[in-house]
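Shown below: query21.txt, with compact mmCIF, N, CA and C atoms.
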```txt
# COMPACT_ATOMS: atom_id res chain seq x y z
N MET A 1 129.47 149.85 195.11
CA MET A 1 130.34 150.41 194.11
C MET A 1 129.68 150.53 192.73
N PRO A 2 128.36 150.71 192.67
CA PRO A 2 127.74 150.90 191.36
C PRO A 2 128.21 152.20 190.67
N TRP A 3 128.66 153.16 191.47
CA TRP A 3 129.13 154.41 190.88
C TRP A 3 130.34 154.16 189.98
N LEU A 4 131.15 153.17 190.33
CA LEU A 4 132.31 152.83 189.52
C LEU A 4 131.88 152.27 188.16
N ALA A 5 130.82 151.48 188.17
CA ALA A 5 130.28 150.94 186.90
C ALA A 5 129.79 152.07 186.01
N TRP A 6 129.14 153.07 186.62
CA TRP A 6 128.67 154.22 185.85
C TRP A 6 129.85 155.01 185.28
N LEU A 7 130.92 155.14 186.06
CA LEU A 7 132.10 155.85 185.56
C LEU A 7 132.76 155.10 184.39
N VAL A 8 132.81 153.77 184.48
CA VAL A 8 133.35 152.97 183.39
C VAL A 8 132.48 153.13 182.14
N ALA A 9 131.15 153.11 182.34
CA ALA A 9 130.23 153.31 181.21
C ALA A 9 130.42 154.70 180.61
N ALA A 10 130.61 155.71 181.45
CA ALA A 10 130.83 157.07 180.95
C ALA A 10 132.11 157.15 180.14
N ALA A 11 133.16 156.50 180.62
CA ALA A 11 134.43 156.50 179.90
C ALA A 11 134.30 155.79 178.55
N ALA A 12 133.59 154.66 178.54
CA ALA A 12 133.40 153.93 177.28
C ALA A 12 132.57 154.75 176.29
N LEU A 13 131.52 155.39 176.78
CA LEU A 13 130.70 156.23 175.91
C LEU A 13 131.48 157.45 175.42
N GLY A 14 132.30 158.01 176.28
CA GLY A 14 133.14 159.14 175.88
C GLY A 14 134.13 158.73 174.80
N ALA A 15 134.71 157.55 174.92
CA ALA A 15 135.63 157.05 173.89
C ALA A 15 134.88 156.83 172.58
N ALA A 16 133.67 156.30 172.66
CA ALA A 16 132.88 156.10 171.44
C ALA A 16 132.58 157.44 170.77
N GLU A 17 132.29 158.46 171.57
CA GLU A 17 132.04 159.80 171.01
C GLU A 17 133.28 160.35 170.34
N PHE A 18 134.42 160.10 170.94
CA PHE A 18 135.69 160.57 170.37
C PHE A 18 135.90 160.03 168.96
N PHE A 19 135.51 158.79 168.73
CA PHE A 19 135.73 158.18 167.43
C PHE A 19 134.60 158.44 166.43
N THR A 20 133.39 158.71 166.91
CA THR A 20 132.27 158.89 166.00
C THR A 20 131.88 160.35 165.77
N LEU A 21 132.08 161.20 166.75
CA LEU A 21 131.73 162.62 166.68
C LEU A 21 130.27 162.84 166.28
N THR A 22 129.37 162.07 166.91
CA THR A 22 127.95 162.18 166.59
C THR A 22 127.17 163.06 167.56
N LEU A 23 127.79 163.47 168.63
CA LEU A 23 127.16 164.21 169.73
C LEU A 23 126.10 163.39 170.44
N THR A 24 126.08 162.09 170.23
CA THR A 24 125.13 161.23 170.92
C THR A 24 125.81 160.52 172.08
N PHE A 25 126.91 159.83 171.80
CA PHE A 25 127.60 159.09 172.84
C PHE A 25 128.14 160.02 173.93
N GLY A 26 128.54 161.21 173.57
CA GLY A 26 129.04 162.17 174.56
C GLY A 26 127.95 162.59 175.53
N LEU A 27 126.74 162.81 175.01
CA LEU A 27 125.63 163.17 175.89
C LEU A 27 125.23 161.99 176.77
N LEU A 28 125.30 160.79 176.23
CA LEU A 28 125.03 159.60 177.05
C LEU A 28 126.12 159.42 178.12
N ALA A 29 127.36 159.78 177.78
CA ALA A 29 128.44 159.73 178.78
C ALA A 29 128.16 160.72 179.90
N GLY A 30 127.67 161.90 179.55
CA GLY A 30 127.29 162.88 180.58
C GLY A 30 126.16 162.36 181.46
N ALA A 31 125.21 161.67 180.84
CA ALA A 31 124.11 161.08 181.61
C ALA A 31 124.63 159.99 182.55
N ALA A 32 125.61 159.23 182.10
CA ALA A 32 126.21 158.20 182.96
C ALA A 32 126.94 158.85 184.14
N LEU A 33 127.56 160.00 183.90
CA LEU A 33 128.19 160.72 185.02
C LEU A 33 127.16 161.20 186.03
N VAL A 34 126.01 161.66 185.54
CA VAL A 34 124.93 162.06 186.46
C VAL A 34 124.49 160.86 187.29
N ALA A 35 124.35 159.71 186.64
CA ALA A 35 123.96 158.50 187.36
C ALA A 35 125.03 158.10 188.37
N ALA A 36 126.30 158.30 188.06
CA ALA A 36 127.39 157.99 188.99
C ALA A 36 127.30 158.88 190.23
N VAL A 37 126.98 160.14 190.03
CA VAL A 37 126.84 161.07 191.17
C VAL A 37 125.65 160.65 192.02
N VAL A 38 124.54 160.30 191.38
CA VAL A 38 123.35 159.86 192.11
C VAL A 38 123.67 158.60 192.91
N SER A 39 124.43 157.70 192.29
CA SER A 39 124.84 156.48 192.99
C SER A 39 125.76 156.79 194.16
N GLY A 40 126.64 157.73 193.97
CA GLY A 40 127.57 158.12 195.03
C GLY A 40 126.88 158.75 196.22
N VAL A 41 125.75 159.40 195.98
CA VAL A 41 124.98 160.01 197.07
C VAL A 41 124.27 158.93 197.89
N GLY A 42 124.08 157.76 197.29
CA GLY A 42 123.46 156.66 198.03
C GLY A 42 122.08 156.28 197.57
N ILE A 43 121.63 156.81 196.48
CA ILE A 43 120.31 156.47 195.95
C ILE A 43 120.40 155.12 195.25
N GLY A 44 119.35 154.35 195.32
CA GLY A 44 119.32 152.99 194.77
C GLY A 44 119.37 152.94 193.26
N ILE A 45 119.37 151.71 192.75
CA ILE A 45 119.52 151.48 191.32
C ILE A 45 118.35 152.08 190.51
N ALA A 46 117.13 152.04 191.09
CA ALA A 46 115.99 152.61 190.38
C ALA A 46 116.19 154.12 190.19
N GLY A 47 116.64 154.79 191.22
CA GLY A 47 116.91 156.23 191.12
C GLY A 47 118.04 156.54 190.16
N GLN A 48 119.03 155.66 190.13
CA GLN A 48 120.15 155.85 189.20
C GLN A 48 119.67 155.74 187.75
N LEU A 49 118.83 154.74 187.50
CA LEU A 49 118.30 154.56 186.14
C LEU A 49 117.41 155.72 185.72
N VAL A 50 116.60 156.23 186.67
CA VAL A 50 115.75 157.39 186.37
C VAL A 50 116.63 158.61 186.08
N ALA A 51 117.68 158.81 186.87
CA ALA A 51 118.59 159.95 186.64
C ALA A 51 119.28 159.82 185.30
N PHE A 52 119.74 158.60 184.97
CA PHE A 52 120.38 158.37 183.68
C PHE A 52 119.41 158.66 182.54
N ALA A 53 118.20 158.13 182.64
CA ALA A 53 117.20 158.33 181.58
C ALA A 53 116.84 159.80 181.42
N ALA A 54 116.64 160.50 182.53
CA ALA A 54 116.27 161.92 182.46
C ALA A 54 117.40 162.76 181.85
N ALA A 55 118.62 162.50 182.29
CA ALA A 55 119.76 163.26 181.75
C ALA A 55 119.98 162.93 180.27
N ALA A 56 119.83 161.66 179.90
CA ALA A 56 120.00 161.27 178.50
C ALA A 56 118.92 161.89 177.63
N ALA A 57 117.67 161.85 178.10
CA ALA A 57 116.57 162.44 177.33
C ALA A 57 116.76 163.94 177.19
N GLY A 58 117.12 164.59 178.27
CA GLY A 58 117.35 166.04 178.20
C GLY A 58 118.47 166.38 177.24
N GLY A 59 119.55 165.62 177.29
CA GLY A 59 120.67 165.88 176.39
C GLY A 59 120.32 165.63 174.94
N LEU A 60 119.70 164.49 174.68
CA LEU A 60 119.41 164.12 173.29
C LEU A 60 118.27 164.93 172.67
N LEU A 61 117.29 165.33 173.50
CA LEU A 61 116.14 166.05 172.96
C LEU A 61 116.28 167.56 173.00
N VAL A 62 117.14 168.07 173.88
CA VAL A 62 117.29 169.53 174.00
C VAL A 62 118.67 170.00 173.54
N VAL A 63 119.70 169.43 174.12
CA VAL A 63 121.06 169.93 173.86
C VAL A 63 121.54 169.57 172.45
N ARG A 64 121.33 168.32 172.02
CA ARG A 64 121.87 167.87 170.74
C ARG A 64 121.31 168.67 169.55
N PRO A 65 119.99 168.91 169.45
CA PRO A 65 119.50 169.70 168.31
C PRO A 65 120.07 171.11 168.28
N VAL A 66 120.22 171.72 169.46
CA VAL A 66 120.79 173.08 169.52
C VAL A 66 122.24 173.04 169.07
N ALA A 67 123.00 172.05 169.53
CA ALA A 67 124.41 171.94 169.16
C ALA A 67 124.57 171.67 167.67
N LEU A 68 123.75 170.80 167.10
CA LEU A 68 123.83 170.51 165.67
C LEU A 68 123.48 171.75 164.84
N ARG A 69 122.47 172.50 165.27
CA ARG A 69 122.09 173.73 164.55
C ARG A 69 123.24 174.75 164.62
N HIS A 70 123.88 174.84 165.77
CA HIS A 70 124.99 175.77 165.93
C HIS A 70 126.18 175.37 165.06
N MET A 71 126.45 174.07 164.98
CA MET A 71 127.58 173.59 164.18
C MET A 71 127.34 173.75 162.68
N ALA A 72 126.08 173.79 162.26
CA ALA A 72 125.75 173.89 160.84
C ALA A 72 125.89 175.32 160.32
N GLN A 73 125.94 176.30 161.21
CA GLN A 73 126.05 177.69 160.79
C GLN A 73 127.44 177.97 160.24
N ALA A 74 127.48 178.84 159.24
CA ALA A 74 128.76 179.25 158.67
C ALA A 74 129.52 180.10 159.70
N PRO A 75 130.84 180.04 159.68
CA PRO A 75 131.60 180.86 160.61
C PRO A 75 131.37 182.35 160.33
N LEU A 76 131.41 183.15 161.38
CA LEU A 76 131.16 184.57 161.24
C LEU A 76 132.34 185.32 160.63
N THR A 77 133.53 184.81 160.83
CA THR A 77 134.71 185.46 160.29
C THR A 77 135.37 184.55 159.26
N HIS A 78 135.94 185.18 158.26
CA HIS A 78 136.67 184.44 157.25
C HIS A 78 138.16 184.67 157.46
N GLU A 79 138.94 183.64 157.26
CA GLU A 79 140.37 183.74 157.46
C GLU A 79 141.10 183.35 156.18
N GLY A 80 142.34 183.78 156.10
CA GLY A 80 143.17 183.41 154.95
C GLY A 80 142.61 183.94 153.65
N SER A 81 142.70 183.14 152.62
CA SER A 81 142.26 183.59 151.30
C SER A 81 140.74 183.75 151.22
N ASP A 82 139.99 183.07 152.11
CA ASP A 82 138.54 183.24 152.12
C ASP A 82 138.15 184.68 152.44
N ALA A 83 138.98 185.38 153.19
CA ALA A 83 138.68 186.77 153.55
C ALA A 83 138.78 187.70 152.35
N LEU A 84 139.42 187.27 151.29
CA LEU A 84 139.60 188.12 150.11
C LEU A 84 138.41 188.07 149.16
N ILE A 85 137.58 187.06 149.29
CA ILE A 85 136.42 186.93 148.40
C ILE A 85 135.46 188.08 148.66
N GLY A 86 135.06 188.75 147.57
CA GLY A 86 134.17 189.89 147.67
C GLY A 86 134.90 191.22 147.73
N LYS A 87 136.21 191.21 147.86
CA LYS A 87 136.99 192.45 147.92
C LYS A 87 137.12 193.07 146.53
N ARG A 88 137.37 194.36 146.52
CA ARG A 88 137.60 195.10 145.28
C ARG A 88 139.10 195.11 144.99
N ALA A 89 139.45 195.02 143.73
CA ALA A 89 140.85 195.04 143.32
C ALA A 89 140.98 195.87 142.06
N GLU A 90 142.22 196.29 141.78
CA GLU A 90 142.50 197.07 140.57
C GLU A 90 143.36 196.21 139.63
N VAL A 91 143.00 196.24 138.36
CA VAL A 91 143.74 195.47 137.37
C VAL A 91 145.05 196.19 137.06
N MET A 92 146.16 195.48 137.23
CA MET A 92 147.49 196.04 136.94
C MET A 92 147.92 195.70 135.51
N ARG A 93 147.63 194.47 135.10
CA ARG A 93 147.92 194.00 133.76
C ARG A 93 146.65 193.31 133.26
N GLU A 94 146.30 193.52 132.02
CA GLU A 94 145.08 192.99 131.42
C GLU A 94 144.75 191.56 131.91
N VAL A 95 143.48 191.38 132.29
CA VAL A 95 143.04 190.09 132.79
C VAL A 95 142.17 189.42 131.73
N THR A 96 142.54 188.17 131.41
CA THR A 96 141.75 187.38 130.48
C THR A 96 141.35 186.07 131.17
N ALA A 97 140.83 185.15 130.38
CA ALA A 97 140.43 183.86 130.95
C ALA A 97 141.62 183.02 131.38
N SER A 98 142.83 183.37 130.90
CA SER A 98 143.98 182.54 131.22
C SER A 98 145.06 183.24 132.05
N HIS A 99 145.11 184.57 132.04
CA HIS A 99 146.16 185.26 132.79
C HIS A 99 145.78 186.69 133.10
N GLY A 100 146.57 187.31 133.97
CA GLY A 100 146.37 188.70 134.34
C GLY A 100 147.01 188.98 135.69
N LEU A 101 146.98 190.26 136.08
CA LEU A 101 147.58 190.66 137.35
C LEU A 101 146.72 191.75 137.96
N ILE A 102 146.43 191.61 139.25
CA ILE A 102 145.64 192.61 139.96
C ILE A 102 146.35 193.03 141.23
N LYS A 103 145.95 194.20 141.75
CA LYS A 103 146.42 194.65 143.05
C LYS A 103 145.26 194.48 144.02
N LEU A 104 145.47 193.57 144.99
CA LEU A 104 144.42 193.20 145.93
C LEU A 104 144.94 193.38 147.34
N CYS A 105 144.33 194.27 148.09
CA CYS A 105 144.72 194.54 149.49
C CYS A 105 146.21 194.88 149.58
N GLY A 106 146.72 195.66 148.61
CA GLY A 106 148.10 196.10 148.63
C GLY A 106 149.09 195.08 148.09
N GLU A 107 148.63 193.93 147.66
CA GLU A 107 149.52 192.90 147.12
C GLU A 107 149.15 192.60 145.68
N GLU A 108 150.14 192.18 144.90
CA GLU A 108 149.87 191.78 143.53
C GLU A 108 149.53 190.31 143.49
N TRP A 109 148.44 189.99 142.79
CA TRP A 109 147.95 188.63 142.66
C TRP A 109 147.80 188.29 141.18
N SER A 110 148.10 187.06 140.83
CA SER A 110 147.75 186.61 139.49
C SER A 110 146.24 186.48 139.46
N ALA A 111 145.67 186.70 138.30
CA ALA A 111 144.21 186.70 138.20
C ALA A 111 143.78 186.16 136.84
N ARG A 112 142.53 185.75 136.82
CA ARG A 112 141.90 185.42 135.55
C ARG A 112 140.43 185.77 135.66
N ALA A 113 139.81 185.97 134.52
CA ALA A 113 138.42 186.42 134.48
C ALA A 113 137.48 185.26 134.74
N LEU A 114 136.42 185.55 135.47
CA LEU A 114 135.39 184.55 135.74
C LEU A 114 134.69 184.14 134.45
N ASP A 115 134.34 185.14 133.66
CA ASP A 115 133.71 184.90 132.36
C ASP A 115 134.81 184.81 131.31
N GLU A 116 134.92 183.68 130.65
CA GLU A 116 136.01 183.47 129.70
C GLU A 116 136.00 184.44 128.53
N SER A 117 134.86 185.06 128.26
CA SER A 117 134.79 186.00 127.13
C SER A 117 135.26 187.41 127.51
N HIS A 118 135.43 187.68 128.79
CA HIS A 118 135.83 189.02 129.22
C HIS A 118 137.34 189.22 129.10
N VAL A 119 137.70 190.38 128.62
CA VAL A 119 139.08 190.87 128.65
C VAL A 119 139.01 192.18 129.42
N ILE A 120 139.59 192.19 130.61
CA ILE A 120 139.47 193.35 131.50
C ILE A 120 140.75 194.16 131.39
N PRO A 121 140.64 195.43 130.96
CA PRO A 121 141.83 196.25 130.74
C PRO A 121 142.48 196.71 132.04
N ALA A 122 143.76 197.08 131.95
CA ALA A 122 144.49 197.63 133.10
C ALA A 122 143.78 198.89 133.59
N GLY A 123 143.75 199.06 134.88
CA GLY A 123 143.10 200.23 135.49
C GLY A 123 141.66 200.00 135.88
N ALA A 124 141.04 198.94 135.37
CA ALA A 124 139.64 198.66 135.70
C ALA A 124 139.54 198.12 137.12
N LEU A 125 138.38 198.32 137.73
CA LEU A 125 138.11 197.77 139.05
C LEU A 125 137.36 196.45 138.89
N VAL A 126 137.74 195.48 139.71
CA VAL A 126 137.11 194.16 139.65
C VAL A 126 136.74 193.71 141.06
N ASP A 127 135.84 192.76 141.13
CA ASP A 127 135.49 192.11 142.39
C ASP A 127 136.07 190.70 142.37
N VAL A 128 136.62 190.28 143.50
CA VAL A 128 137.16 188.93 143.61
C VAL A 128 136.00 187.99 143.90
N MET A 129 135.79 187.04 143.01
CA MET A 129 134.68 186.10 143.14
C MET A 129 135.10 184.83 143.88
N GLU A 130 136.34 184.38 143.66
CA GLU A 130 136.87 183.21 144.35
C GLU A 130 138.38 183.21 144.26
N ILE A 131 139.00 182.37 145.06
CA ILE A 131 140.45 182.21 145.05
C ILE A 131 140.75 180.75 144.75
N GLU A 132 141.59 180.51 143.74
CA GLU A 132 142.04 179.16 143.42
C GLU A 132 143.55 179.13 143.56
N GLY A 133 144.02 178.60 144.66
CA GLY A 133 145.46 178.59 144.92
C GLY A 133 145.95 180.01 145.11
N ALA A 134 146.84 180.45 144.21
CA ALA A 134 147.38 181.82 144.29
C ALA A 134 146.81 182.69 143.18
N THR A 135 145.67 182.29 142.62
CA THR A 135 145.05 183.04 141.53
C THR A 135 143.66 183.50 141.96
N ALA A 136 143.41 184.79 141.75
CA ALA A 136 142.10 185.36 142.05
C ALA A 136 141.23 185.28 140.80
N ILE A 137 140.02 184.81 140.96
CA ILE A 137 139.06 184.78 139.87
C ILE A 137 138.21 186.03 140.04
N VAL A 138 138.21 186.90 139.02
CA VAL A 138 137.62 188.22 139.16
C VAL A 138 136.52 188.47 138.14
N TYR A 139 135.69 189.46 138.45
CA TYR A 139 134.62 189.91 137.56
C TYR A 139 134.63 191.44 137.58
N PRO A 140 134.49 192.08 136.43
CA PRO A 140 134.55 193.54 136.41
C PRO A 140 133.40 194.19 137.16
N ARG A 141 133.71 195.30 137.86
CA ARG A 141 132.69 196.04 138.58
C ARG A 141 131.76 196.77 137.62
N GLU A 142 132.30 197.27 136.55
CA GLU A 142 131.52 197.98 135.54
C GLU A 142 131.41 197.07 134.33
N LEU A 143 130.29 197.16 133.64
CA LEU A 143 130.14 196.36 132.43
C LEU A 143 131.13 196.84 131.38
N LEU A 144 131.74 195.90 130.72
CA LEU A 144 132.74 196.23 129.69
C LEU A 144 132.04 196.64 128.40
N PRO A 145 132.70 197.55 127.62
CA PRO A 145 132.06 197.97 126.35
C PRO A 145 132.05 196.83 125.35
```

Please lay out the structure from this file as structure tokens.
Amino acid sequence: MPWLAWLVAAAALGAAEFFTLTLTFGLLAGAALVAAVVSGVGIGIAGQLVAFAAAAAGGLLVVRPVALRHMAQAPLTHEGSDALIGKRAEVMREVTASHGLIKLCGEEWSARALDESHVIPAGALVDVMEIEGATAIVYPRELLP
């Protein structure tokens, strides 16, 4: 019944991964499952340890770096207010460092200028630089006179 010991080890390592999210314990849990299968086939303890070591090494040296690199990449799509950053908008009411109103994607948004010295007149086109709550921080597309 050594396969049962490997399954218990896999469960314990899986639980550790659940709490740490390091991508290490989960790969070791997978290696313990490989060792459990090898044990279930009838191979001795030496073969089980070799299978565990090979699966753990493969996971930690090959799979983990690829997974970490993939997780570090920025998402390809933006959702919610993040999708509005970089969009063009039209000034409906003069935008200053403290207040203003723009039309962004068919909706009216409160706005303020990114540069505190800018006063952007109504009718001007602006780019949305960031979103803070329900306020768009904008910068004029054309240089102001």

Need the shell around Gly40 of chain A: protein/DNA/RNA residues with any atom at most 10 Å away, counting only C-alpha atoms. Skip same-chain ones fewer than 6 positions apart. Format as a ChimeraX atom specification? /A:1-4,34,48

Name the residues in contact with segment 64-70 of chain A at a cut-off of 7 Å, using only C-alpha atoms, excluding same-chain residues fewer than 4 positions from it; report them as an MDAnalysis selection string. chainID A and resid 23 59:60

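Backbone DSSP of segment 52-102 of chain A yields helix (DSSP H, G or I) at Phe52, Ala53, Ala54, Ala55, Ala56, Ala57, Gly58, Gly59, Leu60, Leu61, Val62, Val63, Arg64, Pro65, Val66, Ala67, Leu68, Arg69, His70, Met71, Ala72, Gly80, Ser81, Asp82, Ala83 and Leu84 of chain A.
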
Pull N, CA and C atoms from the residues just selected and write them as a tab-separated table (two decimals), in the coordinates of the input.
```
chain	number	residue	atom	x	y	z
A	52	PHE	N	119.74	158.60	184.97
A	52	PHE	CA	120.38	158.37	183.68
A	52	PHE	C	119.41	158.66	182.54
A	53	ALA	N	118.20	158.13	182.64
A	53	ALA	CA	117.20	158.33	181.58
A	53	ALA	C	116.84	159.80	181.42
A	54	ALA	N	116.64	160.50	182.53
A	54	ALA	CA	116.27	161.92	182.46
A	54	ALA	C	117.40	162.76	181.85
A	55	ALA	N	118.62	162.50	182.29
A	55	ALA	CA	119.76	163.26	181.75
A	55	ALA	C	119.98	162.93	180.27
A	56	ALA	N	119.83	161.66	179.90
A	56	ALA	CA	120.00	161.27	178.50
A	56	ALA	C	118.92	161.89	177.63
A	57	ALA	N	117.67	161.85	178.10
A	57	ALA	CA	116.57	162.44	177.33
A	57	ALA	C	116.76	163.94	177.19
A	58	GLY	N	117.12	164.59	178.27
A	58	GLY	CA	117.35	166.04	178.20
A	58	GLY	C	118.47	166.38	177.24
A	59	GLY	N	119.55	165.62	177.29
A	59	GLY	CA	120.67	165.88	176.39
A	59	GLY	C	120.32	165.63	174.94
A	60	LEU	N	119.70	164.49	174.68
A	60	LEU	CA	119.41	164.12	173.29
A	60	LEU	C	118.27	164.93	172.67
A	61	LEU	N	117.29	165.33	173.50
A	61	LEU	CA	116.14	166.05	172.96
A	61	LEU	C	116.28	167.56	173.00
A	62	VAL	N	117.14	168.07	173.88
A	62	VAL	CA	117.29	169.53	174.00
A	62	VAL	C	118.67	170.00	173.54
A	63	VAL	N	119.70	169.43	174.12
A	63	VAL	CA	121.06	169.93	173.86
A	63	VAL	C	121.54	169.57	172.45
A	64	ARG	N	121.33	168.32	172.02
A	64	ARG	CA	121.87	167.87	170.74
A	64	ARG	C	121.31	168.67	169.55
A	65	PRO	N	119.99	168.91	169.45
A	65	PRO	CA	119.50	169.70	168.31
A	65	PRO	C	120.07	171.11	168.28
A	66	VAL	N	120.22	171.72	169.46
A	66	VAL	CA	120.79	173.08	169.52
A	66	VAL	C	122.24	173.04	169.07
A	67	ALA	N	123.00	172.05	169.53
A	67	ALA	CA	124.41	171.94	169.16
A	67	ALA	C	124.57	171.67	167.67
A	68	LEU	N	123.75	170.80	167.10
A	68	LEU	CA	123.83	170.51	165.67
A	68	LEU	C	123.48	171.75	164.84
A	69	ARG	N	122.47	172.50	165.27
A	69	ARG	CA	122.09	173.73	164.55
A	69	ARG	C	123.24	174.75	164.62
A	70	HIS	N	123.88	174.84	165.77
A	70	HIS	CA	124.99	175.77	165.93
A	70	HIS	C	126.18	175.37	165.06
A	71	MET	N	126.45	174.07	164.98
A	71	MET	CA	127.58	173.59	164.18
A	71	MET	C	127.34	173.75	162.68
A	72	ALA	N	126.08	173.79	162.26
A	72	ALA	CA	125.75	173.89	160.84
A	72	ALA	C	125.89	175.32	160.32
A	80	GLY	N	142.34	183.78	156.10
A	80	GLY	CA	143.17	183.41	154.95
A	80	GLY	C	142.61	183.94	153.65
A	81	SER	N	142.70	183.14	152.62
A	81	SER	CA	142.26	183.59	151.30
A	81	SER	C	140.74	183.75	151.22
A	82	ASP	N	139.99	183.07	152.11
A	82	ASP	CA	138.54	183.24	152.12
A	82	ASP	C	138.15	184.68	152.44
A	83	ALA	N	138.98	185.38	153.19
A	83	ALA	CA	138.68	186.77	153.55
A	83	ALA	C	138.78	187.70	152.35
A	84	LEU	N	139.42	187.27	151.29
A	84	LEU	CA	139.60	188.12	150.11
A	84	LEU	C	138.41	188.07	149.16
```

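Take atom C of Glu94 of chain A and atom CA of Val138 of chain A: the distance between them is 10.7 Å.
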
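The nearest approach to Ala15 of chain A among the residues A:Ala57, A:Leu125, A:Ala29, A:Met92, with only N, CA and C atoms taken into account, belongs to A:Ala29.
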
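Here atom CA of Val41 of chain A and atom CA of Gly58 of chain A stand 21.2 Å from one another.
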
Tell me, as number ranges by chain, which residues lie within 10 Å of segment 95-109 of chain A, counting only C-alpha atoms; anything in the same chain fewer than 6 positions away does not count. A: 84, 87-89, 115-128, 134-140

Would you put the residues from that selection into a file with N, CA and C atoms, as an mmCIF file, in the frame of the given file?
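For reference, out-v5.cif as written:
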```cif
data_model
loop_
_atom_site.group_PDB
_atom_site.id
_atom_site.type_symbol
_atom_site.label_atom_id
_atom_site.label_comp_id
_atom_site.auth_asym_id
_atom_site.auth_seq_id
_atom_site.Cartn_x
_atom_site.Cartn_y
_atom_site.Cartn_z
ATOM 1 N N LEU A 84 139.420 187.270 151.290
ATOM 2 C CA LEU A 84 139.600 188.120 150.110
ATOM 3 C C LEU A 84 138.410 188.070 149.160
ATOM 4 N N LYS A 87 136.210 191.210 147.860
ATOM 5 C CA LYS A 87 136.990 192.450 147.920
ATOM 6 C C LYS A 87 137.120 193.070 146.530
ATOM 7 N N ARG A 88 137.370 194.360 146.520
ATOM 8 C CA ARG A 88 137.600 195.100 145.280
ATOM 9 C C ARG A 88 139.100 195.110 144.990
ATOM 10 N N ALA A 89 139.450 195.020 143.730
ATOM 11 C CA ALA A 89 140.850 195.040 143.320
ATOM 12 C C ALA A 89 140.980 195.870 142.060
ATOM 13 N N ASP A 115 134.340 185.140 133.660
ATOM 14 C CA ASP A 115 133.710 184.900 132.360
ATOM 15 C C ASP A 115 134.810 184.810 131.310
ATOM 16 N N GLU A 116 134.920 183.680 130.650
ATOM 17 C CA GLU A 116 136.010 183.470 129.700
ATOM 18 C C GLU A 116 136.000 184.440 128.530
ATOM 19 N N SER A 117 134.860 185.060 128.260
ATOM 20 C CA SER A 117 134.790 186.000 127.130
ATOM 21 C C SER A 117 135.260 187.410 127.510
ATOM 22 N N HIS A 118 135.430 187.680 128.790
ATOM 23 C CA HIS A 118 135.830 189.020 129.220
ATOM 24 C C HIS A 118 137.340 189.220 129.100
ATOM 25 N N VAL A 119 137.700 190.380 128.620
ATOM 26 C CA VAL A 119 139.080 190.870 128.650
ATOM 27 C C VAL A 119 139.010 192.180 129.420
ATOM 28 N N ILE A 120 139.590 192.190 130.610
ATOM 29 C CA ILE A 120 139.470 193.350 131.500
ATOM 30 C C ILE A 120 140.750 194.160 131.390
ATOM 31 N N PRO A 121 140.640 195.430 130.960
ATOM 32 C CA PRO A 121 141.830 196.250 130.740
ATOM 33 C C PRO A 121 142.480 196.710 132.040
ATOM 34 N N ALA A 122 143.760 197.080 131.950
ATOM 35 C CA ALA A 122 144.490 197.630 133.100
ATOM 36 C C ALA A 122 143.780 198.890 133.590
ATOM 37 N N GLY A 123 143.750 199.060 134.880
ATOM 38 C CA GLY A 123 143.100 200.230 135.490
ATOM 39 C C GLY A 123 141.660 200.000 135.880
ATOM 40 N N ALA A 124 141.040 198.940 135.370
ATOM 41 C CA ALA A 124 139.640 198.660 135.700
ATOM 42 C C ALA A 124 139.540 198.120 137.120
ATOM 43 N N LEU A 125 138.380 198.320 137.730
ATOM 44 C CA LEU A 125 138.110 197.770 139.050
ATOM 45 C C LEU A 125 137.360 196.450 138.890
ATOM 46 N N VAL A 126 137.740 195.480 139.710
ATOM 47 C CA VAL A 126 137.110 194.160 139.650
ATOM 48 C C VAL A 126 136.740 193.710 141.060
ATOM 49 N N ASP A 127 135.840 192.760 141.130
ATOM 50 C CA ASP A 127 135.490 192.110 142.390
ATOM 51 C C ASP A 127 136.070 190.700 142.370
ATOM 52 N N VAL A 128 136.620 190.280 143.500
ATOM 53 C CA VAL A 128 137.160 188.930 143.610
ATOM 54 C C VAL A 128 136.000 187.990 143.900
ATOM 55 N N ALA A 134 146.840 180.450 144.210
ATOM 56 C CA ALA A 134 147.380 181.820 144.290
ATOM 57 C C ALA A 134 146.810 182.690 143.180
ATOM 58 N N THR A 135 145.670 182.290 142.620
ATOM 59 C CA THR A 135 145.050 183.040 141.530
ATOM 60 C C THR A 135 143.660 183.500 141.960
ATOM 61 N N ALA A 136 143.410 184.790 141.750
ATOM 62 C CA ALA A 136 142.100 185.360 142.050
ATOM 63 C C ALA A 136 141.230 185.280 140.800
ATOM 64 N N ILE A 137 140.020 184.810 140.960
ATOM 65 C CA ILE A 137 139.060 184.780 139.870
ATOM 66 C C ILE A 137 138.210 186.030 140.040
ATOM 67 N N VAL A 138 138.210 186.900 139.020
ATOM 68 C CA VAL A 138 137.620 188.220 139.160
ATOM 69 C C VAL A 138 136.520 188.470 138.140
ATOM 70 N N TYR A 139 135.690 189.460 138.450
ATOM 71 C CA TYR A 139 134.620 189.910 137.560
ATOM 72 C C TYR A 139 134.630 191.440 137.580
ATOM 73 N N PRO A 140 134.490 192.080 136.430
ATOM 74 C CA PRO A 140 134.550 193.540 136.410
ATOM 75 C C PRO A 140 133.400 194.190 137.160
#
```

Among the residues A:Leu76, A:Phe52, A:Ala113, A:Leu28, the one that comes closest to Gly14 of chain A [using only N, CA and C atoms]: A:Leu28

Have a look at atom CA of Thr77 of chain A and atom CA of Ile131 of chain A and let me know their distance in Å, one decimal. 16.6 Å

Looking only at strand (DSSP E or B) from DSSP on the backbone, list the matching residues of segment 3-135 of chain A as JSON, numbers by chain. {"A": [88, 89, 90, 91, 92, 93, 95, 101, 102, 103, 104, 107, 108, 109, 110, 111, 112, 113, 120, 125, 126, 127, 128, 129, 130, 131, 132, 135]}

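Ranking A:Pro75, A:Ala111, A:Gly30, A:Ile85 by their shortest atom-to-atom distance to Ala9 of chain A, with all atoms listed in the file included, puts A:Gly30 first.
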